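Below is one structure, written out as structure tokens; the observations come after it.
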Amino acid sequence: MNLTAEVWVGNATDTIKQLPDNSVQTVVTSPPYWGLRDYGNDDQLGLERNPDDFIDNLCKVFDEIWRVLKDDGTIWVNLGDTYSAQRWSGAGKGQAMNKMSDGHRDINPIKESGLPDKNLVGIPWRFAFAMQKRGWYLRQDIIWAKPNPMPESVTDRCTKSHEYIFLMSKNAKYKYDHEAIKEDSIWSEDRRAGQGRLHYDGKRQGQEGTVQENFVAITEKRNKRDVWNVAVKSYREAHFATYPPELITPCILAGSAEGDIVLDPFSGSGTTGEVALLHNRNYIGLELNPEYAKLS
């Protein structure tokens with residue numbers, strides 16, 4: 001199979017206009033989080049002074065994606081949250097900046113969330129509801145559970161150890177290969193396998209009998225659950241916002257078939273493209289930062 005992988009440099013909203021209608025089968029991406037980091041480009045997402053502007057700008061990217069996505073296509077969006085805080089400094093554009101090892105800046109912007117300090121802003125769900133209003137089907141909120149989260153020195157709440165992946169579609173019916181991402185059943189090694197499990201009314205269903213409505217079958221595989229336990233991994237190069245390949249593999253396998261086109265409008269280090277090629281999909285990545293495009 002002849003596969004292609006391309007990374008186009010430019011603003012996602014503008015660059016995506018080069019793609020033809022109904023050409024992309026699935027989108028797997030992790031946009032910049034609001035108020036987290038400056039990647040060195042004034043056109044980047046995430047530096048907006050308030051969450052409404054951030055979400056509006058982000059949704060505009062997906063307005064363009066709507067056109068290029070096939071009618072049975074899906075999008076999978078990993079997005080984290082942030083807390084409200086007012087941080088004033090003398091740095092330009094109202095940002096407190098710390099020099100990173102690669103020359104970029106880690107920022108603490110003035111966040112005008114309209115909430116008192118220490119409030120969880122709810123960025124992922126604000127985005128999800130905004131997308132619903134634009135016509136997207138919000139099909140599922142998947143929890144990325146991190147067994148090795150970033151340590152936090154907080155004493156008035158739990159350590160944050162999860163993020164969201166939202167599955168959305170253009171239509172009620174869409175391509176979703178549930179067989180490709182089935183997981184091992186917790187009952188596959190049960191010694192009673194083949195003999196049936198106890199019914200809720202206490203009766204046992206025999207192997208040769210008819211399966212009643214409330215019978216729970218014992219199989220080696222089961223439908224994938226919506227909590228995904230995937231460890232955070234460090235990236236070998238100078239990029240600070242990467243998700244592990246294991247996290248997005250189910251997205252690509254369920255949302256596309258071999259030979260389909262997978263798009264990531266915030267390509268970054270190119271993890272989505274790496275996984276797409278590994279599973280015989282074509283890849284198009286859009287990346288604002290030329291250095292990251294070269295890196296991927």
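In the structure tokens, chains take letters A, B, ... by order of appearance, with residues numbered from 1 within each chain and ligands from 1 in the order shown.
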
- Task: Compile the contact shell of A:Gly80 as a ChimeraX atom specification: residues with an atom at most 10 Å away, counting only C-alpha atoms, same-chain residues fewer than 2 positions apart removed.
- Result: /A:30-34,77-78,82,122-125,162-165

Written file, previous selection with all heavy atoms, as a tab-separated table (two decimals), in the first residue's frame:
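Dumped everything to again-v1.tsv:
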chain	number	residue	atom	x	y	z
A	30	SER	N	-4.96	17.34	19.46
A	30	SER	CA	-4.93	17.96	20.78
A	30	SER	C	-4.56	19.43	20.60
A	30	SER	O	-3.39	19.76	20.43
A	30	SER	CB	-3.91	17.27	21.69
A	30	SER	OG	-3.94	17.83	23.00
A	31	PRO	N	-5.54	20.32	20.59
A	31	PRO	CA	-5.26	21.75	20.39
A	31	PRO	C	-4.45	22.32	21.56
A	31	PRO	O	-4.43	21.74	22.66
A	31	PRO	CB	-6.66	22.38	20.34
A	31	PRO	CG	-7.61	21.25	20.13
A	31	PRO	CD	-6.98	20.06	20.76
A	32	PRO	N	-3.80	23.45	21.35
A	32	PRO	CA	-3.15	24.13	22.47
A	32	PRO	C	-4.16	24.42	23.57
A	32	PRO	O	-5.29	24.80	23.30
A	32	PRO	CB	-2.62	25.42	21.84
A	32	PRO	CG	-2.50	25.12	20.38
A	32	PRO	CD	-3.62	24.18	20.07
A	33	TYR	N	-3.76	24.23	24.81
A	33	TYR	CA	-4.64	24.51	25.94
A	33	TYR	C	-4.62	26.00	26.23
A	33	TYR	O	-3.63	26.69	25.97
A	33	TYR	CB	-4.22	23.73	27.18
A	33	TYR	CG	-4.30	22.22	27.03
A	33	TYR	CD1	-3.85	21.38	28.03
A	33	TYR	CD2	-4.81	21.64	25.87
A	33	TYR	CE1	-3.92	20.01	27.91
A	33	TYR	CE2	-4.88	20.26	25.74
A	33	TYR	CZ	-4.43	19.45	26.76
A	33	TYR	OH	-4.50	18.09	26.63
A	34	TRP	N	-5.69	26.50	26.79
A	34	TRP	CA	-5.79	27.93	27.04
A	34	TRP	C	-4.84	28.37	28.16
A	34	TRP	O	-4.84	27.82	29.26
A	34	TRP	CB	-7.23	28.30	27.43
A	34	TRP	CG	-7.38	29.77	27.71
A	34	TRP	CD1	-7.04	30.80	26.91
A	34	TRP	CD2	-7.92	30.35	28.90
A	34	TRP	NE1	-7.32	32.00	27.50
A	34	TRP	CE2	-7.88	31.75	28.74
A	34	TRP	CE3	-8.44	29.83	30.09
A	34	TRP	CZ2	-8.32	32.64	29.72
A	34	TRP	CZ3	-8.90	30.71	31.06
A	34	TRP	CH2	-8.83	32.10	30.87
A	77	VAL	N	-11.01	14.83	19.98
A	77	VAL	CA	-10.31	16.03	20.44
A	77	VAL	C	-9.91	15.87	21.90
A	77	VAL	O	-10.76	15.73	22.79
A	77	VAL	CB	-11.19	17.29	20.29
A	77	VAL	CG1	-10.40	18.53	20.68
A	77	VAL	CG2	-11.72	17.41	18.86
A	78	ASN	N	-8.61	15.87	22.15
A	78	ASN	CA	-8.07	15.83	23.51
A	78	ASN	C	-7.86	17.25	24.00
A	78	ASN	O	-7.17	18.04	23.36
A	78	ASN	CB	-6.74	15.06	23.51
A	78	ASN	CG	-5.94	15.27	24.80
A	78	ASN	OD1	-4.75	15.55	24.74
A	78	ASN	ND2	-6.57	15.12	25.93
A	82	THR	N	-8.13	24.26	32.94
A	82	THR	CA	-7.25	25.20	33.62
A	82	THR	C	-8.03	25.88	34.74
A	82	THR	O	-9.27	25.85	34.76
A	82	THR	CB	-6.71	26.26	32.64
A	82	THR	OG1	-5.75	27.07	33.31
A	82	THR	CG2	-7.83	27.14	32.11
A	122	GLY	N	-13.49	24.95	33.27
A	122	GLY	CA	-14.37	24.09	32.50
A	122	GLY	C	-14.18	24.21	31.01
A	122	GLY	O	-15.14	24.07	30.24
A	123	ILE	N	-12.96	24.46	30.57
A	123	ILE	CA	-12.67	24.66	29.15
A	123	ILE	C	-13.17	23.49	28.28
A	123	ILE	O	-13.83	23.73	27.25
A	123	ILE	CB	-11.17	24.89	28.93
A	123	ILE	CG1	-10.73	26.24	29.52
A	123	ILE	CG2	-10.80	24.81	27.45
A	123	ILE	CD1	-11.25	27.43	28.75
A	124	PRO	N	-12.88	22.24	28.62
A	124	PRO	CA	-13.31	21.15	27.73
A	124	PRO	C	-14.81	21.13	27.49
A	124	PRO	O	-15.26	20.98	26.35
A	124	PRO	CB	-12.83	19.89	28.46
A	124	PRO	CG	-11.69	20.34	29.30
A	124	PRO	CD	-12.08	21.72	29.76
A	125	TRP	N	-15.59	21.29	28.54
A	125	TRP	CA	-17.04	21.22	28.38
A	125	TRP	C	-17.61	22.47	27.72
A	125	TRP	O	-18.59	22.41	26.98
A	125	TRP	CB	-17.72	20.94	29.72
A	125	TRP	CG	-17.56	19.51	30.09
A	125	TRP	CD1	-16.72	18.98	31.03
A	125	TRP	CD2	-18.23	18.40	29.49
A	125	TRP	NE1	-16.83	17.61	31.05
A	125	TRP	CE2	-17.76	17.23	30.12
A	125	TRP	CE3	-19.19	18.28	28.48
A	125	TRP	CZ2	-18.20	15.96	29.77
A	125	TRP	CZ3	-19.64	17.02	28.13
A	125	TRP	CH2	-19.15	15.88	28.77
A	162	HIS	N	-6.51	13.29	35.09
A	162	HIS	CA	-7.26	12.90	33.91
A	162	HIS	C	-7.44	14.09	32.97
A	162	HIS	O	-7.34	15.24	33.37
A	162	HIS	CB	-8.64	12.34	34.29
A	162	HIS	CG	-9.66	13.40	34.61
A	162	HIS	ND1	-9.72	14.03	35.83
A	162	HIS	CD2	-10.65	13.95	33.85
A	162	HIS	CE1	-10.71	14.91	35.82
A	162	HIS	NE2	-11.29	14.88	34.63
A	163	GLU	N	-7.69	13.77	31.71
A	163	GLU	CA	-8.10	14.73	30.70
A	163	GLU	C	-9.23	14.12	29.89
A	163	GLU	O	-9.55	12.93	30.05
A	163	GLU	CB	-6.92	15.11	29.78
A	163	GLU	CG	-5.84	15.91	30.47
A	163	GLU	CD	-4.73	16.34	29.51
A	163	GLU	OE1	-4.97	16.31	28.27
A	163	GLU	OE2	-3.64	16.69	29.98
A	164	TYR	N	-9.82	14.92	29.01
A	164	TYR	CA	-10.92	14.45	28.19
A	164	TYR	C	-10.48	14.21	26.75
A	164	TYR	O	-9.60	14.89	26.22
A	164	TYR	CB	-12.06	15.46	28.17
A	164	TYR	CG	-12.82	15.58	29.47
A	164	TYR	CD1	-12.53	16.59	30.37
A	164	TYR	CD2	-13.82	14.67	29.79
A	164	TYR	CE1	-13.23	16.71	31.57
A	164	TYR	CE2	-14.52	14.78	30.98
A	164	TYR	CZ	-14.22	15.79	31.86
A	164	TYR	OH	-14.91	15.88	33.04
A	165	ILE	N	-11.12	13.23	26.12
A	165	ILE	CA	-11.11	13.09	24.67
A	165	ILE	C	-12.57	13.08	24.24
A	165	ILE	O	-13.34	12.21	24.67
A	165	ILE	CB	-10.43	11.81	24.19
A	165	ILE	CG1	-8.96	11.78	24.63
A	165	ILE	CG2	-10.52	11.68	22.67
A	165	ILE	CD1	-8.25	10.49	24.27

- Tell me, as a count of residues only, which residues lie within 7 Å of A:Pro265, counting only C-alpha atoms; anything in the same chain fewer than 5 positions away does not count. 5

- Identify which of the residues A:Ile16, A:Met1, A:Ala145, A:Leu138 lies closest to A:Trp66, counting only C-alpha atoms when measuring atom-to-atom distances.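 Nearest candidate to A:Trp66 out of A:Ile16, A:Met1, A:Ala145, A:Leu138: A:Ile16.
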
- In Å and to one decimal, atom CA of A:Ser23 is distant from atom CA of A:Arg67 by 8.8 Å

- Nearest to A:Glu258, chosen from A:Ala180, A:Val61, A:Ala172, A:Ile55, with only C-alpha atoms counted in the distances: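 Closest to A:Glu258 of all the choices is A:Ala180.
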
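The closest residue to A:Leu253, picked from A:Lys233, A:Lys221, A:Lys182, A:Arg157 and counting only C-alpha atoms, is A:Lys182.
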
- So what do you get for atom CA of A:Ala130 versus atom CA of A:Asp14, distance-wise? 20.9 Å

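Comparing the minimum interatomic distances between A:Asp177 and each of A:Ala257, A:Val232, A:Leu3, A:Ile248, counting only C-alpha atoms, we find that A:Ala257 sits nearest.
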
- Item | atom CA of A:Asp184 to atom CA of A:Thr272, straight-line distance in Å | 24.4 Å

- Which one of A:Leu45, A:Ser185, A:Asp141, A:Thr271 sits closest to A:Phe129 if you count only C-alpha atoms? A:Asp141

- Message: as a PyMOL selection string, please: every residue in stretch 251-280 of chain A that DSSP puts in helix (DSSP H, G or I).
- Response: chain A and resi 251-255+271-278

Atoms to include: C-alpha atoms. Write the selected residues as an mmCIF file, in the first residue's frame.
data_model
loop_
_atom_site.group_PDB
_atom_site.id
_atom_site.type_symbol
_atom_site.label_atom_id
_atom_site.label_comp_id
_atom_site.auth_asym_id
_atom_site.auth_seq_id
_atom_site.Cartn_x
_atom_site.Cartn_y
_atom_site.Cartn_z
ATOM 1 C CA CYS A 251 -9.187 6.686 17.880
ATOM 2 C CA ILE A 252 -7.485 5.979 14.568
ATOM 3 C CA LEU A 253 -8.427 2.300 14.452
ATOM 4 C CA ALA A 254 -12.092 2.945 15.266
ATOM 5 C CA GLY A 255 -12.496 6.079 13.181
ATOM 6 C CA THR A 271 2.438 11.674 16.961
ATOM 7 C CA THR A 272 -0.893 11.372 15.141
ATOM 8 C CA GLY A 273 0.912 10.921 11.839
ATOM 9 C CA GLU A 274 3.248 8.338 13.310
ATOM 10 C CA VAL A 275 0.337 6.217 14.549
ATOM 11 C CA ALA A 276 -1.616 6.718 11.307
ATOM 12 C CA LEU A 277 1.278 5.444 9.171
ATOM 13 C CA LEU A 278 1.911 2.544 11.541
#

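Restricting the calculation to only C-alpha atoms, the smallest distance between A:Leu288 and any of A:Asp226, A:Cys158, A:Ser269, A:Val28 is found for A:Ser269.
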